[in-house]
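protein28.txt follows (compact mmCIF, C-alpha atoms and all ligand atoms):
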# COMPACT_ATOMS: atom_id res chain seq x y z
CA MET A 1069 0.00 0.00 0.00
CA THR A 1070 1.16 3.51 -0.71
CA SER A 1071 -0.13 6.68 0.79
CA THR A 1072 -1.37 9.84 -0.85
CA ASN A 1073 -2.52 12.86 1.11
CA GLY A 1074 -2.44 10.76 4.24
CA LEU A 1075 -4.93 8.27 2.82
CA SER A 1076 -3.90 4.84 1.71
CA THR A 1077 -4.50 4.18 -1.93
CA PHE A 1078 -5.84 0.76 -2.72
CA LEU A 1079 -6.39 -1.70 -5.46
CA ILE A 1080 -9.74 -2.07 -7.11
CA GLN A 1081 -10.11 -5.15 -9.22
CA THR A 1082 -10.56 -3.85 -12.72
CA HIS A 1083 -10.18 -6.07 -15.73
CA SER A 1084 -8.52 -4.93 -18.88
CA HIS A 1085 -6.73 -6.90 -21.53
CA THR A 1086 -3.39 -6.33 -23.14
CA PRO A 1087 -3.16 -6.78 -26.92
CA ASN A 1088 -1.76 -10.30 -26.43
CA GLY A 1089 -4.81 -11.22 -24.35
CA LEU A 1090 -3.05 -11.32 -20.97
CA ARG A 1091 -5.01 -9.86 -18.12
CA ARG A 1092 -3.51 -6.88 -16.30
CA LEU A 1093 -4.85 -7.25 -12.84
CA PRO A 1094 -5.40 -5.31 -10.74
CA THR A 1095 -4.93 -1.66 -11.68
CA LEU A 1096 -4.62 1.26 -9.33
CA SER A 1097 -7.59 3.27 -8.31
CA PRO A 1098 -7.49 6.97 -9.05
CA PRO A 1099 -5.31 8.87 -6.60
CA CYS A 1100 -7.21 10.13 -3.58
CA ARG A 1101 -7.12 13.67 -4.84
CA HIS A 1102 -10.38 14.58 -3.17
CA ARG A 1103 -9.32 13.86 0.35
CA GLY A 1104 -8.76 16.73 2.72
CA GLY A 1105 -12.18 18.24 3.22
CA ASP A 1106 -14.91 19.72 1.11
CA GLY A 1107 -12.93 22.92 0.61
CA LEU A 1108 -10.70 21.31 -2.02
CA GLN A 1109 -10.98 22.33 -5.65
CA LYS A 1110 -13.14 19.71 -7.39
CA ALA A 1111 -15.02 19.26 -10.61
CA LYS A 1112 -18.48 18.76 -9.20
CA PHE A 1113 -21.59 17.55 -10.94
CA PHE A 1114 -24.17 19.42 -8.92
CA ALA A 1115 -22.57 22.10 -6.82
CA THR A 1116 -20.62 24.14 -9.33
CA TYR A 1117 -23.60 26.31 -10.04
CA THR A 1118 -25.33 26.42 -6.70
CA SER A 1119 -23.85 29.56 -5.20
CA SER A 1120 -24.85 32.39 -7.50
CA TYR A 1121 -28.29 31.30 -8.71
CA SER A 1122 -31.74 31.51 -7.17
CA THR A 1123 -33.20 28.24 -5.87
CA GLU A 1124 -35.51 28.02 -8.86
CA ASP A 1125 -32.61 28.54 -11.28
CA GLN A 1126 -30.60 25.93 -9.45
CA HIS A 1127 -33.39 23.39 -9.89
CA ILE A 1128 -33.75 24.09 -13.59
CA ARG A 1129 -30.03 23.79 -14.08
CA SER A 1130 -29.75 20.58 -12.05
CA GLU A 1131 -32.57 19.02 -14.11
CA GLU A 1132 -30.80 20.08 -17.29
CA ARG A 1133 -27.59 18.50 -16.12
CA ALA A 1134 -29.40 15.30 -15.15
CA TRP A 1135 -30.89 15.06 -18.65
CA THR A 1136 -27.68 16.02 -20.44
CA HIS A 1137 -25.93 13.21 -18.62
CA TRP A 1138 -28.75 10.75 -19.38
CA ARG A 1139 -28.68 11.65 -23.04
CA LYS A 1140 -24.89 11.30 -23.11
CA LEU A 1141 -25.42 7.71 -21.95
CA LYS A 1142 -27.83 7.26 -24.89
CA GLN A 1143 -30.88 7.04 -22.58
CA PRO A 1144 -30.65 3.36 -21.64
CA LYS A 1145 -34.07 1.74 -21.27
CA LEU A 1146 -33.21 -1.85 -20.44
CA ILE A 1147 -31.32 -2.12 -17.19
CA VAL A 1148 -29.96 -4.89 -14.98
CA ALA A 1149 -31.16 -4.18 -11.42
CA PRO A 1150 -28.79 -4.36 -8.45
CA MET A 1151 -28.59 -7.88 -7.07
CA TYR A 1152 -26.45 -8.87 -4.13
CA GLU A 1153 -24.37 -11.86 -5.29
CA GLY A 1154 -26.27 -11.64 -8.57
CA SER A 1155 -25.35 -8.62 -10.71
CA GLU A 1156 -21.59 -9.13 -10.55
CA LEU A 1157 -19.33 -8.35 -13.52
CA PRO A 1158 -19.60 -11.60 -15.58
CA PHE A 1159 -23.38 -11.66 -15.19
CA ARG A 1160 -23.64 -7.98 -16.13
CA MET A 1161 -21.53 -8.67 -19.22
CA LEU A 1162 -23.74 -11.62 -20.20
CA CYS A 1163 -26.87 -9.47 -19.86
CA ARG A 1164 -25.23 -6.66 -21.83
CA LYS A 1165 -24.47 -9.11 -24.64
CA TYR A 1166 -28.19 -9.93 -24.68
CA GLY A 1167 -29.61 -6.46 -24.85
CA ALA A 1168 -29.09 -4.82 -21.44
CA GLU A 1169 -28.21 -1.18 -22.00
CA ALA A 1170 -26.96 -0.40 -18.49
CA ALA A 1171 -26.41 -2.27 -15.23
CA TYR A 1172 -26.08 -1.85 -11.46
CA THR A 1173 -23.44 -3.50 -9.32
CA PRO A 1174 -24.66 -5.49 -6.36
CA MET A 1175 -25.07 -3.44 -3.20
CA LEU A 1176 -21.72 -2.62 -1.62
CA HIS A 1177 -21.53 -1.85 2.08
CA SER A 1178 -19.95 1.58 2.38
CA ARG A 1179 -18.26 1.06 5.73
CA CYS A 1180 -16.74 -2.29 4.71
CA PHE A 1181 -15.68 -0.75 1.39
CA ALA A 1182 -13.99 2.13 3.20
CA GLU A 1183 -12.21 -0.05 5.74
CA SER A 1184 -11.24 -3.25 3.98
CA LYS A 1185 -9.03 -3.64 0.97
CA LYS A 1186 -10.00 -7.31 0.84
CA TYR A 1187 -13.69 -6.40 0.68
CA ARG A 1188 -13.06 -3.89 -2.10
CA SER A 1189 -11.12 -6.26 -4.29
CA LYS A 1190 -13.51 -9.17 -3.66
CA GLU A 1191 -16.77 -7.32 -4.05
CA PHE A 1192 -16.15 -4.74 -6.77
CA SER A 1193 -14.78 -5.42 -10.20
CA THR A 1194 -15.42 -3.84 -13.55
CA CYS A 1195 -13.91 -3.53 -17.02
CA LYS A 1196 -13.85 -1.00 -19.85
CA GLU A 1197 -16.91 -2.47 -21.57
CA ASP A 1198 -18.95 -2.52 -18.36
CA ARG A 1199 -20.69 0.84 -18.98
CA PRO A 1200 -23.01 2.56 -18.40
CA LEU A 1201 -22.61 1.41 -14.81
CA PHE A 1202 -24.37 2.32 -11.56
CA VAL A 1203 -22.28 1.51 -8.49
CA GLN A 1204 -24.61 0.99 -5.55
CA PHE A 1205 -23.73 1.59 -1.91
CA CYS A 1206 -25.68 1.26 1.29
CA GLY A 1207 -24.79 3.34 4.30
CA ASN A 1208 -25.93 6.02 6.70
CA ASP A 1209 -22.83 8.16 7.22
CA PRO A 1210 -22.42 10.98 4.67
CA ASP A 1211 -18.64 11.18 5.13
CA ILE A 1212 -18.07 7.45 4.68
CA LEU A 1213 -20.42 7.38 1.71
CA LEU A 1214 -18.52 10.23 0.10
CA GLU A 1215 -15.18 8.58 0.75
CA VAL A 1216 -16.20 5.36 -0.98
CA ALA A 1217 -17.97 7.21 -3.79
CA TYR A 1218 -14.73 9.06 -4.57
CA ARG A 1219 -13.01 5.73 -4.93
CA VAL A 1220 -15.35 4.47 -7.65
CA GLU A 1221 -16.53 7.61 -9.42
CA SER A 1222 -14.13 7.32 -12.33
CA TYR A 1223 -15.31 3.75 -13.01
CA CYS A 1224 -19.02 4.48 -13.21
CA ASP A 1225 -21.78 6.72 -14.55
CA TYR A 1226 -23.82 7.03 -11.34
CA VAL A 1227 -23.10 6.48 -7.69
CA ASP A 1228 -26.31 4.97 -6.37
CA ILE A 1229 -27.65 5.02 -2.82
CA ASN A 1230 -29.60 1.95 -1.78
CA LEU A 1231 -32.76 3.24 -0.08
CA GLY A 1232 -34.78 0.11 -0.81
CA CYS A 1233 -33.30 -2.92 0.96
CA PRO A 1234 -36.06 -4.24 3.28
CA GLN A 1235 -34.14 -7.06 4.93
CA ARG A 1236 -33.52 -7.62 8.61
CA ILE A 1237 -29.82 -6.92 8.21
CA ALA A 1238 -30.69 -3.50 6.76
CA ARG A 1239 -32.93 -2.82 9.75
CA SER A 1240 -30.19 -3.69 12.22
CA GLY A 1241 -27.59 -1.77 10.21
CA ASN A 1242 -29.98 1.16 9.70
CA TYR A 1243 -29.65 1.42 5.94
CA GLY A 1244 -31.66 0.68 2.80
CA ALA A 1245 -35.43 1.07 3.16
CA PHE A 1246 -35.12 1.74 6.91
CA LEU A 1247 -33.71 5.18 6.12
CA MET A 1248 -37.27 6.04 5.04
CA ASP A 1249 -37.81 6.63 8.77
CA ASP A 1250 -35.13 9.33 8.84
CA LEU A 1251 -35.58 11.58 5.81
CA PRO A 1252 -33.28 14.37 7.07
CA LEU A 1253 -30.49 11.77 7.10
CA VAL A 1254 -31.37 10.67 3.55
CA LYS A 1255 -31.28 14.29 2.49
CA SER A 1256 -27.83 14.76 4.00
CA LEU A 1257 -26.50 11.64 2.23
CA VAL A 1258 -27.75 12.76 -1.18
CA LYS A 1259 -26.59 16.35 -0.70
CA LYS A 1260 -23.15 15.28 0.44
CA LEU A 1261 -22.59 13.17 -2.66
CA ALA A 1262 -24.30 15.51 -5.10
CA THR A 1263 -22.30 18.54 -4.04
CA ASN A 1264 -18.95 16.80 -4.13
CA LEU A 1265 -18.84 14.13 -6.83
CA THR A 1266 -18.01 14.50 -10.49
CA VAL A 1267 -20.59 11.84 -11.39
CA PRO A 1268 -24.29 12.20 -10.66
CA VAL A 1269 -26.06 10.53 -7.75
CA SER A 1270 -28.99 8.19 -8.18
CA CYS A 1271 -31.29 6.69 -5.57
CA LYS A 1272 -33.13 3.37 -5.61
CA ILE A 1273 -36.25 3.64 -3.50
CA ARG A 1274 -39.39 1.82 -2.41
CA LEU A 1275 -42.85 3.29 -2.03
CA PHE A 1276 -44.40 4.65 1.15
CA PRO A 1277 -47.84 3.18 1.95
CA LEU A 1278 -49.33 6.66 1.31
CA LEU A 1279 -48.86 8.06 -2.17
CA GLN A 1280 -48.48 11.64 -0.92
CA ASP A 1281 -45.56 10.56 1.29
CA THR A 1282 -43.88 9.02 -1.74
CA ILE A 1283 -44.41 12.23 -3.71
CA ASN A 1284 -42.88 14.34 -0.92
CA TYR A 1285 -40.02 11.86 -0.68
CA VAL A 1286 -39.03 11.93 -4.35
CA LYS A 1287 -39.34 15.72 -4.50
CA MET A 1288 -36.99 15.93 -1.53
CA LEU A 1289 -34.50 13.61 -3.28
CA GLU A 1290 -34.66 15.74 -6.41
CA ASP A 1291 -34.23 18.97 -4.44
CA SER A 1292 -31.21 17.49 -2.67
CA GLY A 1293 -29.41 16.93 -5.98
CA CYS A 1294 -30.40 13.39 -6.95
CA SER A 1295 -30.12 13.02 -10.75
CA LEU A 1296 -32.10 9.82 -11.27
CA ILE A 1297 -34.61 7.84 -9.22
CA ALA A 1298 -35.21 4.12 -9.66
CA VAL A 1299 -38.50 3.07 -8.11
CA HIS A 1300 -39.16 -0.46 -6.96
CA GLY A 1301 -42.95 -0.32 -7.03
CA ARG A 1302 -43.51 -2.00 -3.67
CA THR A 1303 -43.55 -0.76 -0.08
CA ARG A 1304 -40.96 -1.82 2.48
CA ASN A 1305 -43.26 -4.56 3.77
CA GLU A 1306 -44.35 -5.94 0.40
CA ARG A 1307 -42.58 -8.93 -1.08
CA THR A 1308 -42.16 -9.95 -4.71
CA GLN A 1309 -45.27 -12.16 -4.66
CA GLN A 1310 -47.23 -8.91 -4.48
CA ARG A 1311 -47.67 -7.18 -7.83
CA ALA A 1312 -45.56 -4.04 -8.21
CA ASN A 1313 -47.57 -0.83 -8.26
CA TRP A 1314 -46.88 0.68 -11.67
CA ASP A 1315 -49.49 3.41 -11.12
CA ALA A 1316 -47.51 4.71 -8.16
CA ILE A 1317 -44.38 4.72 -10.34
CA LYS A 1318 -46.30 6.80 -12.86
CA THR A 1319 -47.12 9.29 -10.09
CA VAL A 1320 -43.43 9.48 -9.19
CA LYS A 1321 -42.54 10.09 -12.83
CA ASN A 1322 -45.06 12.92 -12.97
CA SER A 1323 -43.84 14.44 -9.70
CA VAL A 1324 -40.19 14.98 -10.60
CA LYS A 1325 -38.31 16.35 -13.56
CA ILE A 1326 -35.30 14.02 -13.51
CA PRO A 1327 -35.12 10.57 -15.19
CA VAL A 1328 -37.10 7.81 -13.47
CA LEU A 1329 -36.65 4.04 -13.81
CA ALA A 1330 -39.45 1.56 -13.12
CA ASN A 1331 -38.79 -1.71 -11.32
CA GLY A 1332 -40.97 -4.71 -10.48
CA ASN A 1333 -42.71 -7.43 -12.54
CA ILE A 1334 -40.56 -7.15 -15.66
CA ARG A 1335 -40.41 -10.75 -16.92
CA HIS A 1336 -40.29 -10.39 -20.71
CA MET A 1337 -40.32 -7.70 -23.38
CA ASP A 1338 -44.12 -7.32 -23.39
CA ASP A 1339 -43.83 -6.32 -19.72
CA VAL A 1340 -41.15 -3.79 -20.69
CA GLU A 1341 -43.43 -2.20 -23.28
CA ASN A 1342 -46.48 -2.20 -20.99
CA CYS A 1343 -44.55 -0.83 -18.04
CA LEU A 1344 -43.04 2.02 -20.08
CA GLU A 1345 -46.48 2.84 -21.40
CA VAL A 1346 -48.27 2.71 -18.04
CA THR A 1347 -45.60 4.53 -16.02
CA GLY A 1348 -44.10 6.88 -18.61
CA ALA A 1349 -40.75 5.95 -17.02
CA ASP A 1350 -37.49 6.51 -18.87
CA GLY A 1351 -36.36 2.91 -18.49
CA VAL A 1352 -37.05 -0.34 -16.68
CA MET A 1353 -34.95 -2.54 -14.42
CA SER A 1354 -35.32 -6.26 -14.01
CA ALA A 1355 -33.84 -8.58 -11.37
CA GLU A 1356 -35.34 -12.02 -10.69
CA ALA A 1357 -36.42 -12.70 -14.27
CA LEU A 1358 -32.87 -12.05 -15.51
CA LEU A 1359 -31.48 -14.63 -13.10
CA ASP A 1360 -33.67 -17.20 -14.85
CA ASN A 1361 -33.19 -15.77 -18.34
CA PRO A 1362 -30.28 -13.34 -18.85
CA ALA A 1363 -31.29 -13.01 -22.53
CA LEU A 1364 -34.63 -11.37 -21.62
CA PHE A 1365 -33.73 -7.92 -22.99
CA ALA A 1366 -32.82 -9.41 -26.38
CA GLY A 1367 -36.43 -10.57 -26.76
CA PHE A 1368 -35.98 -14.15 -25.52
CA ARG A 1369 -38.57 -15.43 -23.10
CA SER A 1370 -38.70 -18.35 -20.78
CA GLY A 1371 -41.29 -21.07 -21.51
CA ASP A 1372 -43.01 -19.91 -18.29
CA TRP A 1373 -44.33 -16.94 -20.23
CA VAL A 1374 -45.45 -18.77 -23.35
CA VAL A 1375 -48.98 -20.11 -23.04
CA ASP A 1376 -49.39 -23.70 -24.21
CA GLY A 1377 -50.73 -23.78 -27.74
CA ASP A 1378 -49.78 -20.14 -28.47
CA ASP A 1379 -48.27 -20.38 -31.95
CA GLY A 1380 -47.03 -16.78 -31.89
CA PHE A 1381 -43.69 -17.96 -30.51
CA GLU A 1382 -40.87 -20.17 -31.75
CA ASN A 1383 -37.67 -21.64 -30.41
CA GLY A 1384 -35.19 -18.75 -30.42
CA GLY A 1385 -32.14 -20.95 -30.92
CA VAL A 1386 -30.59 -20.08 -27.55
CA ASP A 1387 -31.07 -22.48 -24.69
CA ARG A 1388 -30.24 -22.35 -21.00
CA GLY A 1389 -27.22 -24.62 -21.49
CA SER A 1390 -25.57 -22.25 -23.93
CA LEU A 1391 -26.24 -19.28 -21.64
CA VAL A 1392 -24.53 -21.13 -18.78
CA VAL A 1393 -21.54 -21.90 -21.01
CA GLU A 1394 -21.30 -18.25 -22.06
CA TYR A 1395 -21.55 -17.17 -18.44
CA LEU A 1396 -18.78 -19.56 -17.37
CA LYS A 1397 -16.49 -18.26 -20.13
CA LEU A 1398 -17.04 -14.77 -18.74
CA CYS A 1399 -16.25 -16.04 -15.22
CA GLU A 1400 -12.98 -17.48 -16.52
CA LYS A 1401 -12.15 -14.03 -17.83
CA TYR A 1402 -13.50 -12.06 -14.86
CA PRO A 1403 -13.10 -14.26 -11.78
CA VAL A 1404 -15.78 -14.25 -9.06
CA LYS A 1405 -16.56 -16.33 -5.99
CA TRP A 1406 -17.70 -19.91 -6.66
CA GLY A 1407 -20.80 -19.33 -4.53
CA ILE A 1408 -21.98 -16.73 -7.02
CA ILE A 1409 -21.27 -19.00 -9.99
CA VAL A 1410 -23.19 -21.85 -8.35
CA SER A 1411 -26.26 -19.70 -7.73
CA HIS A 1412 -26.28 -18.50 -11.34
CA VAL A 1413 -25.99 -22.09 -12.56
CA TYR A 1414 -29.03 -22.91 -10.39
CA GLY A 1415 -30.83 -19.83 -11.69
CA MET A 1416 -30.34 -20.77 -15.34
CA LEU A 1417 -30.52 -24.57 -15.09
CA GLY A 1418 -33.09 -24.90 -12.32
CA LYS A 1419 -35.74 -26.22 -14.70
CA TRP A 1420 -33.42 -28.86 -16.15
CA PHE A 1421 -32.49 -29.91 -12.61
CA GLU A 1422 -36.15 -30.41 -11.72
CA VAL A 1423 -36.44 -32.98 -14.50
CA HIS A 1424 -33.05 -34.58 -13.76
CA PRO A 1425 -32.59 -34.38 -9.97
CA ASP A 1426 -29.76 -36.96 -10.11
CA VAL A 1427 -27.61 -34.45 -12.06
CA ARG A 1428 -28.47 -31.76 -9.52
CA ASP A 1429 -27.61 -34.08 -6.61
CA ASP A 1430 -24.21 -34.86 -8.13
CA PHE A 1431 -23.62 -31.12 -8.61
CA ASN A 1432 -24.57 -30.51 -4.96
CA LYS A 1433 -22.21 -33.22 -3.77
CA GLU A 1434 -19.23 -32.17 -5.88
CA LYS A 1435 -16.45 -31.08 -3.53
CA GLU A 1436 -14.03 -29.67 -6.07
CA LEU A 1437 -16.04 -27.63 -8.49
CA SER A 1438 -14.33 -26.57 -11.67
CA PHE A 1439 -15.38 -24.99 -14.95
CA GLU A 1440 -14.73 -28.35 -16.65
CA TYR A 1441 -17.17 -30.05 -14.26
CA ILE A 1442 -19.96 -27.62 -15.12
CA TYR A 1443 -19.26 -27.71 -18.88
CA SER A 1444 -19.53 -31.50 -18.80
CA MET A 1445 -22.65 -31.30 -16.61
CA VAL A 1446 -24.31 -29.19 -19.32
CA ASP A 1447 -23.29 -31.83 -21.90
CA ARG A 1448 -24.73 -34.53 -19.65
CA LEU A 1449 -28.06 -32.69 -19.43
CA ARG A 1450 -28.10 -32.14 -23.17
CA GLY A 1451 -27.39 -35.83 -23.65
CA ARG A 1452 -30.65 -36.61 -21.85
CA GLY A 1453 -32.45 -35.07 -24.80
CA VAL A 1454 -34.62 -32.67 -22.79
CA GLN A 1455 -34.57 -29.10 -24.03
CA PHE A 1456 -35.63 -25.94 -22.25
CA PRO A 1457 -35.40 -23.47 -25.06
CA LEU A 1458 -35.95 -19.76 -24.84
CA TYR A 1459 -38.61 -18.48 -27.17
CA VAL A 1460 -38.90 -15.48 -29.45
CA LYS A 1461 -41.94 -13.96 -31.10
CA LYS A 1462 -42.44 -15.24 -34.64
CA SER A 1463 -41.61 -12.68 -37.23
CA ARG A 1464 -44.75 -11.24 -38.81
CA LEU A 1465 -43.07 -10.77 -42.22
C1 LIG B 1501 -31.00 -12.08 -5.67
C2 LIG B 1501 -31.42 -10.65 -5.47
C3 LIG B 1501 -30.54 -9.76 -4.92
C4 LIG B 1501 -30.91 -8.40 -4.76
N1 LIG B 1501 -29.98 -7.51 -4.28
C5 LIG B 1501 -30.27 -6.18 -4.30
C6 LIG B 1501 -29.27 -5.22 -4.00
O1 LIG B 1501 -28.10 -5.55 -3.76
N2 LIG B 1501 -29.62 -3.90 -4.02
C7 LIG B 1501 -30.91 -3.49 -4.32
O2 LIG B 1501 -31.17 -2.28 -4.34
N3 LIG B 1501 -31.86 -4.39 -4.62
C8 LIG B 1501 -31.57 -5.71 -4.64
N4 LIG B 1501 -32.52 -6.61 -5.02
C9 LIG B 1501 -33.86 -6.13 -5.42
C10 LIG B 1501 -33.93 -5.95 -6.93
O3 LIG B 1501 -32.99 -4.99 -7.39
C11 LIG B 1501 -35.33 -5.52 -7.38
O4 LIG B 1501 -35.62 -4.26 -6.84
C12 LIG B 1501 -36.43 -6.49 -6.94
O5 LIG B 1501 -36.04 -7.84 -7.08
C13 LIG B 1501 -37.71 -6.26 -7.78
O6 LIG B 1501 -37.45 -6.44 -9.15
P1 LIG B 1501 -37.92 -7.77 -9.93
O7 LIG B 1501 -39.41 -7.84 -9.78
O8 LIG B 1501 -37.49 -7.56 -11.36
O9 LIG B 1501 -37.23 -8.95 -9.30
C14 LIG B 1501 -32.20 -7.97 -5.16
C15 LIG B 1501 -33.08 -8.90 -5.72
C16 LIG B 1501 -32.71 -10.21 -5.88
C17 LIG B 1501 -33.69 -11.17 -6.51

Encoded form (structure tokens):
Amino acid sequence: MTSTNGLSTFLIQTHSHTPNGLRRLPTLSPPCRHRGGDGLQKAKFFATYTSSYSTEDQHIRSEERAWTHWRKLKQPKLIVAPMYEGSELPFRMLCRKYGAEAAYTPMLHSRCFAESKKYRSKEFSTCKEDRPLFVQFCGNDPDILLEVAYRVESYCDYVDINLGCPQRIARSGNYGAFLMDDLPLVKSLVKKLATNLTVPVSCKIRLFPLLQDTINYVKMLEDSGCSLIAVHGRTRNERTQQRANWDAIKTVKNSVKIPVLANGNIRHMDDVENCLEVTGADGVMSAEALLDNPALFAGFRSGDWVVDGDDGFENGGVDRGSLVVEYLKLCEKYPVKWGIIVSHVYGMLGKWFEVHPDVRDDFNKEKELSFEYIYSMVDRLRGRGVQFPLYVKKSRL
């Protein structure tokens, strides 16, 4: 470790390739040029114009900047949602190959990220092609959040604050959706990042039970300098079995002037179209359905969403086995924990395993997992002759 401005620099695992194909790993993070207090000279996304304009002017200009940035990213509509142990680099790259236009990292814990080099290099990796990218943090301390945001800002297009995690661990850690009980704190987090970072700040939120509370909430986020809001259309107590409330997302879209993303119940491209139409949102995010079918945004749909006898669909020529193989190749290039690989294999091959539980049991029992083992497991499943194709709509030509 070396030290700059009294702060240790650290290694972030980024993946780039030399012309001869060898991986250069890892590279240095940007120098900690920001450290030393908010008084330092910085190129800021939000604050550069705040001093000499009226509040109304400031809002107009911050909206403009939010939209200029969004347009610069080519207004992505199809987005991989943040998934802890799910939206890691190889999976993001697989989804991007199949139509995803932007992606979120899994949630990163800001205090762990600030304190532990091991955590940083294990939990965050990216590469040149992994853009546009939202890097998501949870946390409740504005200074820590800013410190970690500085460390990633040159690798991403938004630093995102997780305001939606409803789990017990978020309650005990006082982050995610539990910050909805302390809006002044939320405001201070957003303001701190928005007035200091060079990249814009986004927030991923859940709904309040009362619509008016949600409206006040998103207006507050916008006023604090948030440049994009992603809305998971459920309250903190609702689970995914409950249908997401797209009407409430529409109300959010109509209440703010910055880009809004809709999240919840996006399982295939018809859902994408319907959701954009109902909500008027600028894009959609999908999570669970992508774990099952990472090719969703390229128009492929799982057999779950093709009604028996519907002749409007045909085999799209991509099956779950080939998606797993493509994913594993990406994992060979961009290494991740085996636990993550195993859960993606379950996500994509779950339906095959149901029909061939003996193959699943052998996979469960395997003590020394390797890429070769999983490649040959896919061959073994294929050899059984059962196919679980992904479907596409028949061309109407
Ligand atoms: C495996 C898994 C992990 C998730 N991890 C995160 C996370 O790290 N951060 C976050 O904001 N949301 C997380 N979520 C929530 C999703 O981003 C999304 O809001 C939710 O699943 C609803 O979208 P869906 O209906 O498309 O699944 C996770 C969801 C799943 C299924």

Around ligand LIG 1501 (chain B), fit a box with edges along x, y and z, padding it by 3 Å on each side, then list its centre and edge lengths in Å to one decimal as AutoDock Vina command-line options.
--center_x -33.8 --center_y -7.2 --center_z -7.6 --size_x 17.3 --size_y 15.8 --size_z 13.6

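Minimum atom-to-atom distances from A:Val1220, A:Ala1171, A:Ala1182, A:Leu1231 to ligand LIG 1501 (chain B) were compared using all atoms listed in the file, and the lowest value belongs to A:Leu1231.
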
Query raised in the report: So how many Å separate atom CA of Asp1291 of chain A and atom CA of Lys1255 of chain A, to one decimal?
Result: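 Between atom CA of Asp1291 of chain A and atom CA of Lys1255 of chain A the gap works out to 8.9 Å.
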
If we count only C-alpha atoms and set the cut-off at 7 Å, which residues sit around segment 1308-1311 of chain A, ignoring sequence neighbours fewer than 2 positions away in its own chain? Please answer as a PDB file with C-alpha atoms, in the coordinates of the input.
ATOM      1  CA  GLU A1306     -44.350  -5.940   0.400  1.00  0.00           C
ATOM      2  CA  ASN A1313     -47.570  -0.830  -8.260  1.00  0.00           C
ATOM      3  CA  ASN A1333     -42.710  -7.430 -12.540  1.00  0.00           C
TER       4      ASN A1333
END

Report task. May I have the residues within 12 Å of Gly1415 of chain A as a PyMOL selection string, using only C-alpha atoms and disregarding those fewer than 3 positions away in the same chain? Result -> chain A and resi 1154+1159+1355-1362+1388-1389+1391-1392+1395+1408-1412+1418-1422

Those same residues, written as an mmCIF file, in the coordinates of the input with C-alpha atoms?
data_model
loop_
_atom_site.group_PDB
_atom_site.id
_atom_site.type_symbol
_atom_site.label_atom_id
_atom_site.label_comp_id
_atom_site.auth_asym_id
_atom_site.auth_seq_id
_atom_site.Cartn_x
_atom_site.Cartn_y
_atom_site.Cartn_z
ATOM 1 C CA GLY A 1154 -26.270 -11.640 -8.570
ATOM 2 C CA PHE A 1159 -23.380 -11.660 -15.190
ATOM 3 C CA ALA A 1355 -33.840 -8.580 -11.370
ATOM 4 C CA GLU A 1356 -35.340 -12.020 -10.690
ATOM 5 C CA ALA A 1357 -36.420 -12.700 -14.270
ATOM 6 C CA LEU A 1358 -32.870 -12.050 -15.510
ATOM 7 C CA LEU A 1359 -31.480 -14.630 -13.100
ATOM 8 C CA ASP A 1360 -33.670 -17.200 -14.850
ATOM 9 C CA ASN A 1361 -33.190 -15.770 -18.340
ATOM 10 C CA PRO A 1362 -30.280 -13.340 -18.850
ATOM 11 C CA ARG A 1388 -30.240 -22.350 -21.000
ATOM 12 C CA GLY A 1389 -27.220 -24.620 -21.490
ATOM 13 C CA LEU A 1391 -26.240 -19.280 -21.640
ATOM 14 C CA VAL A 1392 -24.530 -21.130 -18.780
ATOM 15 C CA TYR A 1395 -21.550 -17.170 -18.440
ATOM 16 C CA ILE A 1408 -21.980 -16.730 -7.020
ATOM 17 C CA ILE A 1409 -21.270 -19.000 -9.990
ATOM 18 C CA VAL A 1410 -23.190 -21.850 -8.350
ATOM 19 C CA SER A 1411 -26.260 -19.700 -7.730
ATOM 20 C CA HIS A 1412 -26.280 -18.500 -11.340
ATOM 21 C CA GLY A 1418 -33.090 -24.900 -12.320
ATOM 22 C CA LYS A 1419 -35.740 -26.220 -14.700
ATOM 23 C CA TRP A 1420 -33.420 -28.860 -16.150
ATOM 24 C CA PHE A 1421 -32.490 -29.910 -12.610
ATOM 25 C CA GLU A 1422 -36.150 -30.410 -11.720
#

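For the atom pair formed by atom CA of Tyr1402 of chain A and atom CA of Thr1173 of chain A, the distance is 14.2 Å, given to one decimal.
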
Report task. May I have the residues within 12 Å of Leu1247 of chain A as a list in words, using all atoms listed in the file and disregarding those fewer than 6 positions away in the same chain? Result ->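 Near Leu1247 of chain A, the qualifying residues are Cys1206, Gly1207, Asn1208, Asp1209, Ile1229, Asn1230, Leu1231, Gly1232, Cys1233, Pro1234, Ala1238, Arg1239, Ser1240, Gly1241, Leu1253, Val1254, Lys1255, Ser1256, Leu1257, Lys1272, Ile1273, Arg1274, Phe1276, Tyr1285 and Arg1304 of chain A.
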
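You can rank A:Leu1344, A:Val1460, A:Leu1157, A:Leu1162 by their closest distance to Gly1380 of chain A using all atoms listed in the file, and at the top of that list sits A:Val1460.
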
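Remark: for Ser1463 of chain A, the closest of the candidate residues A:Glu1436, A:Glu1382, A:Asp1198, A:Glu1341 is A:Glu1382 (distances computed over all atoms listed in the file).
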
Query raised in the report: If you measure from atom CA of Leu1396 of chain A to atom CA of Val1413 of chain A, what distance in Å do you get, rounded to one decimal?
Result: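 Separation between atom CA of Leu1396 of chain A and atom CA of Val1413 of chain A: 9.0 Å.
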
Report task. List every protein, DNA or RNA residue with an atom no more than 12 Å from (-45.6, -2.4, -19.4) in the file's coordinates, counting all atoms listed in the file, and format the result as a ChimeraX atom specification. Result -> /A:1312-1315,1317-1318,1330-1349,1351-1353
